[in-house]
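Below is work.cif, which holds mmCIF, C-alpha atoms and all ligand atoms.
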```
data_work
loop_
_atom_site.label_atom_id
_atom_site.label_comp_id
_atom_site.auth_asym_id
_atom_site.auth_seq_id
_atom_site.Cartn_x
_atom_site.Cartn_y
_atom_site.Cartn_z
CA MET A 1 8.43 8.42 -20.98
CA THR A 2 11.94 8.62 -19.55
CA ALA A 3 12.66 6.17 -16.75
CA PRO A 4 12.72 7.81 -13.31
CA LEU A 5 16.10 8.18 -11.62
CA ILE A 6 16.24 6.88 -8.05
CA VAL A 7 19.47 7.56 -6.20
CA GLY A 8 20.54 6.55 -2.70
CA ASN A 9 22.71 9.03 -0.82
CA TRP A 10 24.52 7.07 1.87
CA LYS A 11 25.99 10.29 3.37
CA MET A 12 28.72 9.51 5.96
CA ASN A 13 27.57 5.93 6.47
CA GLY A 14 28.90 2.63 5.21
CA LEU A 15 31.94 0.42 5.66
CA ALA A 16 33.12 -2.51 3.57
CA ALA A 17 30.82 -4.68 5.66
CA ASP A 18 27.84 -2.77 4.22
CA LEU A 19 28.62 -3.58 0.59
CA GLY A 20 26.28 -6.55 0.97
CA GLU A 21 23.36 -4.10 1.09
CA ALA A 22 24.50 -2.61 -2.23
CA GLN A 23 24.79 -6.11 -3.67
CA ALA A 24 21.30 -6.94 -2.45
CA ILE A 25 20.00 -3.76 -4.11
CA ALA A 26 21.74 -4.72 -7.36
CA ALA A 27 20.28 -8.22 -7.18
CA GLY A 28 16.79 -6.86 -6.50
CA ILE A 29 16.44 -4.36 -9.34
CA ILE A 30 16.09 -6.81 -12.18
CA GLY A 31 13.12 -5.67 -14.25
CA ALA A 32 12.89 -2.30 -12.47
CA ARG A 33 11.47 0.53 -14.55
CA ALA A 34 13.79 3.08 -12.89
CA ARG A 35 17.42 4.02 -13.41
CA ILE A 36 19.19 3.36 -10.08
CA GLY A 37 22.20 5.05 -8.49
CA LEU A 38 24.03 4.72 -5.18
CA CYS A 39 26.29 7.44 -3.78
CA PRO A 40 28.46 6.03 -0.98
CA ALA A 41 31.34 7.75 0.77
CA ALA A 42 34.37 8.20 -1.50
CA THR A 43 36.13 5.34 0.35
CA LEU A 44 33.61 2.83 -1.00
CA ILE A 45 33.14 4.05 -4.57
CA SER A 46 35.52 1.71 -6.34
CA ARG A 47 34.52 -1.39 -4.39
CA MET A 48 30.84 -0.59 -4.78
CA ALA A 49 31.25 0.01 -8.51
CA GLU A 50 32.90 -3.41 -8.85
CA ALA A 51 30.06 -4.99 -6.92
CA VAL A 52 27.04 -3.40 -8.63
CA SER A 53 27.97 -2.01 -12.06
CA ALA A 54 27.29 -5.25 -13.90
CA ALA A 55 23.70 -5.13 -12.63
CA GLY A 56 23.30 -1.65 -14.09
CA VAL A 57 23.46 0.33 -10.84
CA ALA A 58 25.28 3.66 -11.32
CA VAL A 59 27.66 4.68 -8.54
CA GLY A 60 28.30 8.29 -7.62
CA GLY A 61 30.17 10.65 -5.34
CA GLN A 62 28.50 12.98 -2.82
CA ASP A 63 30.61 16.04 -3.71
CA CYS A 64 33.57 16.98 -5.87
CA HIS A 65 36.13 19.77 -6.06
CA ALA A 66 35.87 22.12 -9.03
CA GLU A 67 39.55 21.72 -10.03
CA VAL A 68 41.02 18.68 -11.79
CA LYS A 69 43.88 18.27 -9.29
CA GLY A 70 46.18 20.26 -7.06
CA ALA A 71 46.93 21.35 -3.52
CA PHE A 72 43.46 20.86 -2.02
CA THR A 73 44.03 18.60 0.98
CA GLY A 74 41.12 16.32 1.69
CA ASP A 75 39.21 17.09 -1.51
CA VAL A 76 38.38 14.73 -4.36
CA SER A 77 38.05 15.85 -7.99
CA ALA A 78 35.35 14.80 -10.42
CA GLU A 79 38.06 13.12 -12.51
CA MET A 80 39.09 11.06 -9.46
CA LEU A 81 35.50 9.96 -8.88
CA GLN A 82 35.21 8.96 -12.52
CA ASP A 83 38.52 7.09 -12.27
CA ALA A 84 37.19 5.21 -9.23
CA GLY A 85 34.15 3.99 -11.17
CA ALA A 86 31.59 6.75 -10.57
CA SER A 87 29.22 8.02 -13.24
CA LEU A 88 27.17 10.37 -11.01
CA VAL A 89 27.95 13.02 -8.41
CA ILE A 90 25.71 14.93 -6.02
CA VAL A 91 26.64 18.64 -5.84
CA GLY A 92 25.24 21.39 -3.63
CA HIS A 93 23.57 19.13 -1.07
CA SER A 94 22.16 21.32 1.72
CA GLU A 95 24.46 19.57 4.20
CA ARG A 96 27.38 20.94 2.17
CA ARG A 97 25.81 24.34 1.55
CA ALA A 98 25.13 24.73 5.30
CA GLY A 99 28.04 22.80 6.82
CA HIS A 100 30.77 23.80 4.38
CA GLY A 101 29.58 27.24 3.30
CA GLU A 102 29.08 26.31 -0.35
CA THR A 103 27.52 29.09 -2.43
CA ASP A 104 25.54 28.80 -5.66
CA ALA A 105 28.70 29.81 -7.53
CA ASP A 106 30.68 27.00 -5.86
CA VAL A 107 27.95 24.53 -6.75
CA ALA A 108 27.84 25.74 -10.37
CA ALA A 109 31.63 25.27 -10.64
CA LYS A 110 31.33 21.74 -9.24
CA ALA A 111 28.51 20.92 -11.67
CA LEU A 112 30.69 22.09 -14.56
CA ALA A 113 33.60 20.01 -13.22
CA ALA A 114 31.35 16.97 -13.09
CA VAL A 115 30.34 17.34 -16.73
CA ARG A 116 33.99 17.99 -17.70
CA ALA A 117 34.87 14.62 -16.12
CA GLY A 118 32.01 12.79 -17.83
CA LEU A 119 29.85 12.53 -14.71
CA GLU A 120 26.14 13.32 -14.48
CA PRO A 121 25.72 15.90 -11.69
CA ILE A 122 22.68 15.87 -9.42
CA ILE A 123 22.38 19.53 -8.45
CA CYS A 124 20.56 20.00 -5.12
CA VAL A 125 18.37 22.93 -4.16
CA GLY A 126 15.89 23.50 -1.34
CA GLU A 127 14.53 26.02 1.11
CA THR A 128 14.81 26.06 4.91
CA LEU A 129 11.77 25.96 7.18
CA ASP A 130 12.08 29.69 7.93
CA GLN A 131 12.16 30.45 4.21
CA ARG A 132 9.07 28.31 3.56
CA GLN A 133 7.19 29.86 6.47
CA ALA A 134 8.08 33.32 5.14
CA GLY A 135 6.49 32.36 1.80
CA GLN A 136 9.86 32.44 0.03
CA ALA A 137 10.23 28.79 -1.05
CA LEU A 138 9.70 29.35 -4.78
CA GLU A 139 11.91 32.42 -4.90
CA ILE A 140 14.74 30.70 -2.98
CA VAL A 141 14.61 27.49 -4.99
CA THR A 142 14.40 29.12 -8.41
CA GLY A 143 17.21 31.48 -7.40
CA GLN A 144 19.33 28.47 -6.46
CA VAL A 145 18.57 26.82 -9.81
CA ARG A 146 19.57 29.97 -11.71
CA GLY A 147 22.76 30.29 -9.62
CA SER A 148 23.77 26.62 -9.44
CA VAL A 149 22.93 25.31 -12.93
CA PRO A 150 25.42 26.87 -15.38
CA LEU A 151 24.08 27.81 -18.82
CA ALA A 152 26.89 25.69 -20.23
CA LEU A 153 25.01 22.63 -18.99
CA ALA A 154 22.23 23.23 -21.52
CA ASP A 155 23.38 20.27 -23.58
CA ALA A 156 24.81 18.08 -20.83
CA GLY A 157 23.09 15.30 -18.92
CA PHE A 158 22.25 16.41 -15.40
CA ALA A 159 19.48 16.23 -12.81
CA VAL A 160 18.16 18.70 -10.26
CA ALA A 161 17.10 17.46 -6.82
CA TYR A 162 14.56 19.45 -4.83
CA GLU A 163 15.31 18.72 -1.20
CA PRO A 164 13.53 20.98 1.28
CA VAL A 165 16.02 21.29 4.15
CA TRP A 166 13.28 20.81 6.75
CA ALA A 167 12.22 17.50 5.19
CA ILE A 168 15.69 15.89 5.32
CA GLY A 169 15.97 13.22 8.00
CA THR A 170 12.89 14.54 9.82
CA GLY A 171 10.11 12.28 8.59
CA LEU A 172 8.31 15.44 7.39
CA THR A 173 7.45 15.94 3.73
CA PRO A 174 5.76 18.75 1.85
CA SER A 175 2.25 18.06 0.56
CA LEU A 176 2.03 16.71 -2.98
CA ALA A 177 0.67 20.10 -4.07
CA GLU A 178 3.71 21.82 -2.54
CA ILE A 179 6.10 19.37 -4.24
CA GLU A 180 4.34 19.88 -7.59
CA GLU A 181 4.38 23.66 -7.20
CA VAL A 182 8.14 23.75 -6.59
CA HIS A 183 8.90 21.21 -9.34
CA ALA A 184 6.86 23.27 -11.82
CA ALA A 185 8.84 26.37 -10.86
CA ILE A 186 12.12 24.46 -11.31
CA ARG A 187 10.92 23.21 -14.71
CA ALA A 188 10.17 26.81 -15.75
CA ALA A 189 13.69 27.85 -14.67
CA LEU A 190 15.19 24.95 -16.66
CA ARG A 191 13.19 25.97 -19.75
CA GLN A 192 15.01 29.28 -19.67
CA ILE A 193 18.34 27.44 -19.95
CA GLY A 194 17.13 25.65 -23.06
CA GLY A 195 18.63 22.67 -24.89
CA ARG A 196 18.45 19.30 -23.15
CA ALA A 197 18.13 21.11 -19.82
CA VAL A 198 14.43 21.68 -20.46
CA ALA A 199 13.86 17.94 -19.95
CA ALA A 200 16.37 17.31 -17.13
CA PRO A 201 14.90 15.03 -14.46
CA ILE A 202 13.81 16.81 -11.29
CA LEU A 203 14.16 14.48 -8.31
CA TYR A 204 12.44 14.94 -4.98
CA GLY A 205 14.42 14.25 -1.78
CA GLY A 206 13.62 14.51 1.92
CA SER A 207 12.15 11.66 4.00
CA VAL A 208 11.24 9.50 0.99
CA LYS A 209 10.21 6.16 2.52
CA PRO A 210 8.56 2.95 1.27
CA ASP A 211 5.16 4.21 2.45
CA ASN A 212 5.19 7.61 0.69
CA ALA A 213 7.31 6.80 -2.37
CA ARG A 214 4.47 5.81 -4.70
CA GLU A 215 2.51 9.05 -4.43
CA ILE A 216 5.65 11.21 -4.54
CA LEU A 217 7.13 9.40 -7.54
CA HIS A 218 3.88 9.76 -9.47
CA ALA A 219 3.42 13.46 -8.75
CA ALA A 220 3.63 15.89 -11.68
CA GLU A 221 7.19 16.79 -12.74
CA VAL A 222 8.76 14.34 -10.25
CA GLY A 223 11.38 12.49 -12.27
CA GLY A 224 12.75 10.37 -9.46
CA ALA A 225 13.98 10.53 -5.88
CA LEU A 226 17.12 11.22 -3.89
CA VAL A 227 16.88 8.99 -0.84
CA GLY A 228 18.96 9.24 2.33
CA GLY A 229 18.20 7.01 5.32
CA ALA A 230 15.91 4.61 3.47
CA SER A 231 18.64 3.81 0.91
CA LEU A 232 20.92 2.23 3.53
CA LYS A 233 18.81 -0.93 3.77
CA ALA A 234 18.18 -2.90 0.59
CA VAL A 235 14.74 -3.98 1.74
CA ASP A 236 13.53 -0.37 2.08
CA PHE A 237 15.31 1.00 -1.00
CA LEU A 238 13.95 -1.83 -3.16
CA LYS A 239 10.40 -1.01 -2.00
CA ILE A 240 10.96 2.61 -3.08
CA ILE A 241 12.28 1.43 -6.45
CA ALA A 242 9.28 -0.88 -6.87
CA ALA A 243 6.97 2.07 -6.11
CA ALA A 244 8.20 3.77 -9.29
CA GLY A 245 6.64 1.00 -11.40
P1 LIG A 301 16.53 11.45 4.06
O1 LIG A 301 15.91 10.57 3.00
O2 LIG A 301 17.24 10.66 5.13
O3 LIG A 301 15.54 12.43 4.60
O4 LIG A 301 17.69 12.30 3.33
C1 LIG A 301 17.39 12.98 2.17
C2 LIG A 301 18.66 13.48 1.58
O5 LIG A 301 19.29 14.39 2.09
C3 LIG A 301 19.16 12.80 0.36
O6 LIG A 301 20.19 13.53 -0.22
#
```
Could the structure of this file be written out as structure tokens, please?
Ligand code: 13P
Amino acid sequence: MTAPLIVGNWKMNGLAADLGEAQAIAAGIIGARARIGLCPAATLISRMAEAVSAAGVAVGGQDCHAEVKGAFTGDVSAEMLQDAGASLVIVGHSERRAGHGETDADVAAKALAAVRAGLEPIICVGETLDQRQAGQALEIVTGQVRGSVPLALADAGFAVAYEPVWAIGTGLTPSLAEIEEVHAAIRAALRQIGGRAVAAPILYGGSVKPDNAREILHAAEVGGALVGGASLKAVDFLKIIAAAG
């Protein structure tokens, strides 16, 4: 079986003083069954990569621009992330879809850019509470997969992260049956792409904590986790990593 992928998304948190947490994570993963990644703010990528790469922790960005370079003030390209020491990048996080108006087409272009630069994109999808309550979760999520995962990624390494918007930072999580139902639908959508995509890991994200990680990580079609708040403290993140074993 492929090792699960467990990635911490530090969002807009973390200063140089917090690199010690990343070092503690790197020191604590010896013998872990999972593949581990940390996605700090762009300002910390190169220093974090220096601190944790030797221990086998992958470092990633939280977003990238679709172009290689140019007049895009404030943006960072996938090539720049790679140059700074990243090997992963999160694209299409709901906080970017909602807060920065990113569409499926934007996300697909970013995913392609990531692969062009040699990064492994983690392509995020997920329904809002209104959409779930209206019985539209599967339709929304599979539509996002079809729109955000380009067919050209069929033979690239990438992951999909199912992050229900209402579960992010709320302490709420879907039931295991709901997680498994959505992951199965994502798997079916990936099968249509073909190639290596049929086996791409499908991560779950949204209020993953030390006390719920074990059951979530062992649910059907859950190939890992994308962890926000609980990845900021080594003690919590290491418990989540241990739960994968
Ligand atoms: P929380 O784990 O804080 O709910 O965040 C999830 C998330 O958005 C990871 O990308």
Once you count all atoms listed in the file, which residues end up within 10 Å of ligand LIG 301 (chain A), and could you hand them over as a ChimeraX atom specification? /A:7-11,39,62,90-95,122,124,161-173,204-209,225-232
Could you take the residues named above and write them with C-alpha atoms, as a PDB file, keeping the file's coordinate frame?
```pdb
ATOM      1  CA  VAL A   7      19.470   7.560  -6.200  1.00  0.00           C
ATOM      2  CA  GLY A   8      20.540   6.550  -2.700  1.00  0.00           C
ATOM      3  CA  ASN A   9      22.710   9.030  -0.820  1.00  0.00           C
ATOM      4  CA  TRP A  10      24.520   7.070   1.870  1.00  0.00           C
ATOM      5  CA  LYS A  11      25.990  10.290   3.370  1.00  0.00           C
ATOM      6  CA  CYS A  39      26.290   7.440  -3.780  1.00  0.00           C
ATOM      7  CA  GLN A  62      28.500  12.980  -2.820  1.00  0.00           C
ATOM      8  CA  ILE A  90      25.710  14.930  -6.020  1.00  0.00           C
ATOM      9  CA  VAL A  91      26.640  18.640  -5.840  1.00  0.00           C
ATOM     10  CA  GLY A  92      25.240  21.390  -3.630  1.00  0.00           C
ATOM     11  CA  HIS A  93      23.570  19.130  -1.070  1.00  0.00           C
ATOM     12  CA  SER A  94      22.160  21.320   1.720  1.00  0.00           C
ATOM     13  CA  GLU A  95      24.460  19.570   4.200  1.00  0.00           C
ATOM     14  CA  ILE A 122      22.680  15.870  -9.420  1.00  0.00           C
ATOM     15  CA  CYS A 124      20.560  20.000  -5.120  1.00  0.00           C
ATOM     16  CA  ALA A 161      17.100  17.460  -6.820  1.00  0.00           C
ATOM     17  CA  TYR A 162      14.560  19.450  -4.830  1.00  0.00           C
ATOM     18  CA  GLU A 163      15.310  18.720  -1.200  1.00  0.00           C
ATOM     19  CA  PRO A 164      13.530  20.980   1.280  1.00  0.00           C
ATOM     20  CA  VAL A 165      16.020  21.290   4.150  1.00  0.00           C
ATOM     21  CA  TRP A 166      13.280  20.810   6.750  1.00  0.00           C
ATOM     22  CA  ALA A 167      12.220  17.500   5.190  1.00  0.00           C
ATOM     23  CA  ILE A 168      15.690  15.890   5.320  1.00  0.00           C
ATOM     24  CA  GLY A 169      15.970  13.220   8.000  1.00  0.00           C
ATOM     25  CA  THR A 170      12.890  14.540   9.820  1.00  0.00           C
ATOM     26  CA  GLY A 171      10.110  12.280   8.590  1.00  0.00           C
ATOM     27  CA  LEU A 172       8.310  15.440   7.390  1.00  0.00           C
ATOM     28  CA  THR A 173       7.450  15.940   3.730  1.00  0.00           C
ATOM     29  CA  TYR A 204      12.440  14.940  -4.980  1.00  0.00           C
ATOM     30  CA  GLY A 205      14.420  14.250  -1.780  1.00  0.00           C
ATOM     31  CA  GLY A 206      13.620  14.510   1.920  1.00  0.00           C
ATOM     32  CA  SER A 207      12.150  11.660   4.000  1.00  0.00           C
ATOM     33  CA  VAL A 208      11.240   9.500   0.990  1.00  0.00           C
ATOM     34  CA  LYS A 209      10.210   6.160   2.520  1.00  0.00           C
ATOM     35  CA  ALA A 225      13.980  10.530  -5.880  1.00  0.00           C
ATOM     36  CA  LEU A 226      17.120  11.220  -3.890  1.00  0.00           C
ATOM     37  CA  VAL A 227      16.880   8.990  -0.840  1.00  0.00           C
ATOM     38  CA  GLY A 228      18.960   9.240   2.330  1.00  0.00           C
ATOM     39  CA  GLY A 229      18.200   7.010   5.320  1.00  0.00           C
ATOM     40  CA  ALA A 230      15.910   4.610   3.470  1.00  0.00           C
ATOM     41  CA  SER A 231      18.640   3.810   0.910  1.00  0.00           C
ATOM     42  CA  LEU A 232      20.920   2.230   3.530  1.00  0.00           C
TER      43      LEU A 232
END
```
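The gap separating atom CA of A:Arg146 from atom CA of A:Ile36 is 26.7 Å, in Å to one decimal.
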I need the residue nearest A:Ala22 from this list: A:Ala3, A:Ile216, A:Ala66, A:Val52. Use only C-alpha atoms for the distance. A:Val52
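In this model, the gap between atom CA of A:Ala152 and atom CA of A:Ile193 comes to 8.7 Å.
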Please provide as an MDAnalysis selection string all residues within 10 Å of A:Ala86, with the sequence filter that same-chain residues fewer than 5 positions apart are discarded (counting all atoms listed in the file). chainID A and resid 37:39 42 45:46 48:49 53 58:61 78:81 118:120
All residues 9 Å or closer to A:His183, only C-alpha atoms, same chain fewer than 3 positions away omitted, as number ranges by chain: A: 162, 178-180, 186-188, 202-204, 220-222
Centre and edge lengths of an axis-aligned box around all listed atoms of stretch 9-26 of chain A, with 5 Å added on each side, are to be given in Å to one decimal, as JSON.
```
{"center_x": 26.6, "center_y": 1.7, "center_z": -0.4, "size_x": 23.1, "size_y": 27.2, "size_z": 23.8}
```
For a quick check of understanding, using all atoms listed in the file, which of A:Gly56, A:Gly135, A:Gly147, A:Gly101 has the smallest distance to A:Gly31?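 Once distances to A:Gly31 are computed over all atoms listed in the file, the minimum belongs to A:Gly56.
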Skip A:Arg33 itself and residues of its chain fewer than 5 positions away, then list as number ranges by chain all residues within 8 Å of it, counting all atoms listed in the file. A: 3-4, 244-245
For atom CA of A:Met12 and atom CA of A:Lys69, quote the distance in Å rounded to one decimal.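 Calculated distance between atom CA of A:Met12 and atom CA of A:Lys69 is 23.2 Å.
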List the neighbours of A:Val115 out to 8 Å using only C-alpha atoms; skip same-chain residues closer than 4 positions along the sequence, and give me the result as a list in words.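 The neighbour list is Ala111, Leu119, Glu120, Pro121, Leu153, Ala156 and Gly157 of chain A.
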Restricting the calculation to all atoms listed in the file, which member of A:Asp75, A:Val68, A:Arg132, A:Val145 is positioned closest to A:Ala105?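 Between A:Asp75, A:Val68, A:Arg132, A:Val145, the residue approaching A:Ala105 most closely is A:Val145.
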12 Å contact set for A:Ala24, only C-alpha atoms, chain neighbours under 6 positions out, as a list in words: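 In the requested format, the answer is Asp18, Ile30, Met48, Ala51, Val52, Ala55, Val57, Ser231, Leu232, Lys233, Ala234, Val235, Asp236, Phe237 and Leu238 of chain A.
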Counting all atoms listed in the file, the residue of A:Ala242, A:Ala117, A:Leu151, A:Ile6 that sits nearest A:Ala189: A:Leu151
Measuring atom to atom with all atoms listed in the file, identify which of A:Thr2, A:Gln136, A:Leu44, A:Ile240 is nearest to A:Ala199. A:Thr2
For A:Leu88, which residue out of A:Phe72, A:His100, A:Leu5, A:Ile140 is the nearest one, using all atoms listed in the file? A:Leu5
Give me stretch 71-82 of chain A with all heavy atoms filled in, as a PDB file, in the coordinates of the input.
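selection.pdb, written as the output of this step:
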```
ATOM      1  N   ALA A  71      46.683  21.298  -4.960  1.00  0.00           N
ATOM      2  CA  ALA A  71      46.930  21.350  -3.520  1.00  0.00           C
ATOM      3  C   ALA A  71      45.626  21.678  -2.787  1.00  0.00           C
ATOM      4  O   ALA A  71      45.391  22.819  -2.375  1.00  0.00           O
ATOM      5  CB  ALA A  71      48.004  22.406  -3.231  1.00  0.00           C
ATOM      6  N   PHE A  72      44.758  20.689  -2.678  1.00  0.00           N
ATOM      7  CA  PHE A  72      43.460  20.860  -2.020  1.00  0.00           C
ATOM      8  C   PHE A  72      43.268  19.673  -1.076  1.00  0.00           C
ATOM      9  O   PHE A  72      42.536  18.715  -1.368  1.00  0.00           O
ATOM     10  CB  PHE A  72      42.324  20.914  -3.049  1.00  0.00           C
ATOM     11  CG  PHE A  72      42.512  22.001  -4.068  1.00  0.00           C
ATOM     12  CD1 PHE A  72      42.940  21.707  -5.362  1.00  0.00           C
ATOM     13  CD2 PHE A  72      42.301  23.337  -3.728  1.00  0.00           C
ATOM     14  CE1 PHE A  72      43.124  22.702  -6.289  1.00  0.00           C
ATOM     15  CE2 PHE A  72      42.492  24.347  -4.665  1.00  0.00           C
ATOM     16  CZ  PHE A  72      42.915  24.031  -5.944  1.00  0.00           C
ATOM     17  N   THR A  73      43.997  19.738   0.045  1.00  0.00           N
ATOM     18  CA  THR A  73      44.030  18.600   0.980  1.00  0.00           C
ATOM     19  C   THR A  73      42.629  18.164   1.387  1.00  0.00           C
ATOM     20  O   THR A  73      41.818  18.984   1.812  1.00  0.00           O
ATOM     21  CB  THR A  73      44.846  19.004   2.229  1.00  0.00           C
ATOM     22  OG1 THR A  73      46.143  19.400   1.801  1.00  0.00           O
ATOM     23  CG2 THR A  73      44.957  17.849   3.203  1.00  0.00           C
ATOM     24  N   GLY A  74      42.391  16.881   1.250  1.00  0.00           N
ATOM     25  CA  GLY A  74      41.120  16.320   1.690  1.00  0.00           C
ATOM     26  C   GLY A  74      40.036  16.314   0.638  1.00  0.00           C
ATOM     27  O   GLY A  74      38.994  15.690   0.830  1.00  0.00           O
ATOM     28  N   ASP A  75      40.253  17.028  -0.470  1.00  0.00           N
ATOM     29  CA  ASP A  75      39.210  17.090  -1.510  1.00  0.00           C
ATOM     30  C   ASP A  75      39.413  15.996  -2.562  1.00  0.00           C
ATOM     31  O   ASP A  75      40.502  15.446  -2.711  1.00  0.00           O
ATOM     32  CB  ASP A  75      39.221  18.462  -2.184  1.00  0.00           C
ATOM     33  CG  ASP A  75      38.540  19.511  -1.333  1.00  0.00           C
ATOM     34  OD1 ASP A  75      37.458  19.205  -0.800  1.00  0.00           O
ATOM     35  OD2 ASP A  75      39.084  20.616  -1.180  1.00  0.00           O
ATOM     36  N   VAL A  76      38.362  15.746  -3.302  1.00  0.00           N
ATOM     37  CA  VAL A  76      38.380  14.730  -4.360  1.00  0.00           C
ATOM     38  C   VAL A  76      37.829  15.391  -5.626  1.00  0.00           C
ATOM     39  O   VAL A  76      36.799  16.067  -5.581  1.00  0.00           O
ATOM     40  CB  VAL A  76      37.494  13.526  -3.949  1.00  0.00           C
ATOM     41  CG1 VAL A  76      37.396  12.514  -5.076  1.00  0.00           C
ATOM     42  CG2 VAL A  76      38.048  12.851  -2.695  1.00  0.00           C
ATOM     43  N   SER A  77      38.527  15.228  -6.751  1.00  0.00           N
ATOM     44  CA  SER A  77      38.050  15.850  -7.990  1.00  0.00           C
ATOM     45  C   SER A  77      37.045  14.949  -8.700  1.00  0.00           C
ATOM     46  O   SER A  77      36.974  13.737  -8.450  1.00  0.00           O
ATOM     47  CB  SER A  77      39.223  16.160  -8.927  1.00  0.00           C
ATOM     48  OG  SER A  77      39.736  14.968  -9.472  1.00  0.00           O
ATOM     49  N   ALA A  78      36.312  15.561  -9.616  1.00  0.00           N
ATOM     50  CA  ALA A  78      35.350  14.800 -10.420  1.00  0.00           C
ATOM     51  C   ALA A  78      36.072  13.736 -11.237  1.00  0.00           C
ATOM     52  O   ALA A  78      35.578  12.615 -11.404  1.00  0.00           O
ATOM     53  CB  ALA A  78      34.577  15.752 -11.327  1.00  0.00           C
ATOM     54  N   GLU A  79      37.282  14.089 -11.725  1.00  0.00           N
ATOM     55  CA  GLU A  79      38.060  13.120 -12.510  1.00  0.00           C
ATOM     56  C   GLU A  79      38.434  11.905 -11.648  1.00  0.00           C
ATOM     57  O   GLU A  79      38.474  10.770 -12.129  1.00  0.00           O
ATOM     58  CB  GLU A  79      39.327  13.789 -13.062  1.00  0.00           C
ATOM     59  CG  GLU A  79      39.096  14.661 -14.291  1.00  0.00           C
ATOM     60  CD  GLU A  79      38.440  16.015 -14.006  1.00  0.00           C
ATOM     61  OE1 GLU A  79      38.220  16.347 -12.824  1.00  0.00           O
ATOM     62  OE2 GLU A  79      38.139  16.739 -14.984  1.00  0.00           O
ATOM     63  N   MET A  80      38.743  12.169 -10.363  1.00  0.00           N
ATOM     64  CA  MET A  80      39.090  11.060  -9.460  1.00  0.00           C
ATOM     65  C   MET A  80      37.890  10.146  -9.213  1.00  0.00           C
ATOM     66  O   MET A  80      38.026   8.920  -9.156  1.00  0.00           O
ATOM     67  CB  MET A  80      39.608  11.608  -8.131  1.00  0.00           C
ATOM     68  CG  MET A  80      40.959  12.255  -8.263  1.00  0.00           C
ATOM     69  SD  MET A  80      41.327  13.184  -6.753  1.00  0.00           S
ATOM     70  CE  MET A  80      43.031  13.602  -7.104  1.00  0.00           C
ATOM     71  N   LEU A  81      36.713  10.769  -9.068  1.00  0.00           N
ATOM     72  CA  LEU A  81      35.500   9.960  -8.880  1.00  0.00           C
ATOM     73  C   LEU A  81      35.257   9.092 -10.109  1.00  0.00           C
ATOM     74  O   LEU A  81      34.957   7.900  -9.999  1.00  0.00           O
ATOM     75  CB  LEU A  81      34.291  10.880  -8.648  1.00  0.00           C
ATOM     76  CG  LEU A  81      34.299  11.724  -7.378  1.00  0.00           C
ATOM     77  CD1 LEU A  81      33.108  12.677  -7.382  1.00  0.00           C
ATOM     78  CD2 LEU A  81      34.275  10.848  -6.135  1.00  0.00           C
ATOM     79  N   GLN A  82      35.417   9.702 -11.276  1.00  0.00           N
ATOM     80  CA  GLN A  82      35.210   8.960 -12.520  1.00  0.00           C
ATOM     81  C   GLN A  82      36.205   7.808 -12.618  1.00  0.00           C
ATOM     82  O   GLN A  82      35.852   6.689 -12.987  1.00  0.00           O
ATOM     83  CB  GLN A  82      35.355   9.941 -13.706  1.00  0.00           C
ATOM     84  CG  GLN A  82      34.809   9.461 -15.020  1.00  0.00           C
ATOM     85  CD  GLN A  82      35.798   8.590 -15.776  1.00  0.00           C
ATOM     86  OE1 GLN A  82      37.004   8.652 -15.534  1.00  0.00           O
ATOM     87  NE2 GLN A  82      35.273   7.772 -16.664  1.00  0.00           N
TER      88      GLN A  82
END
```
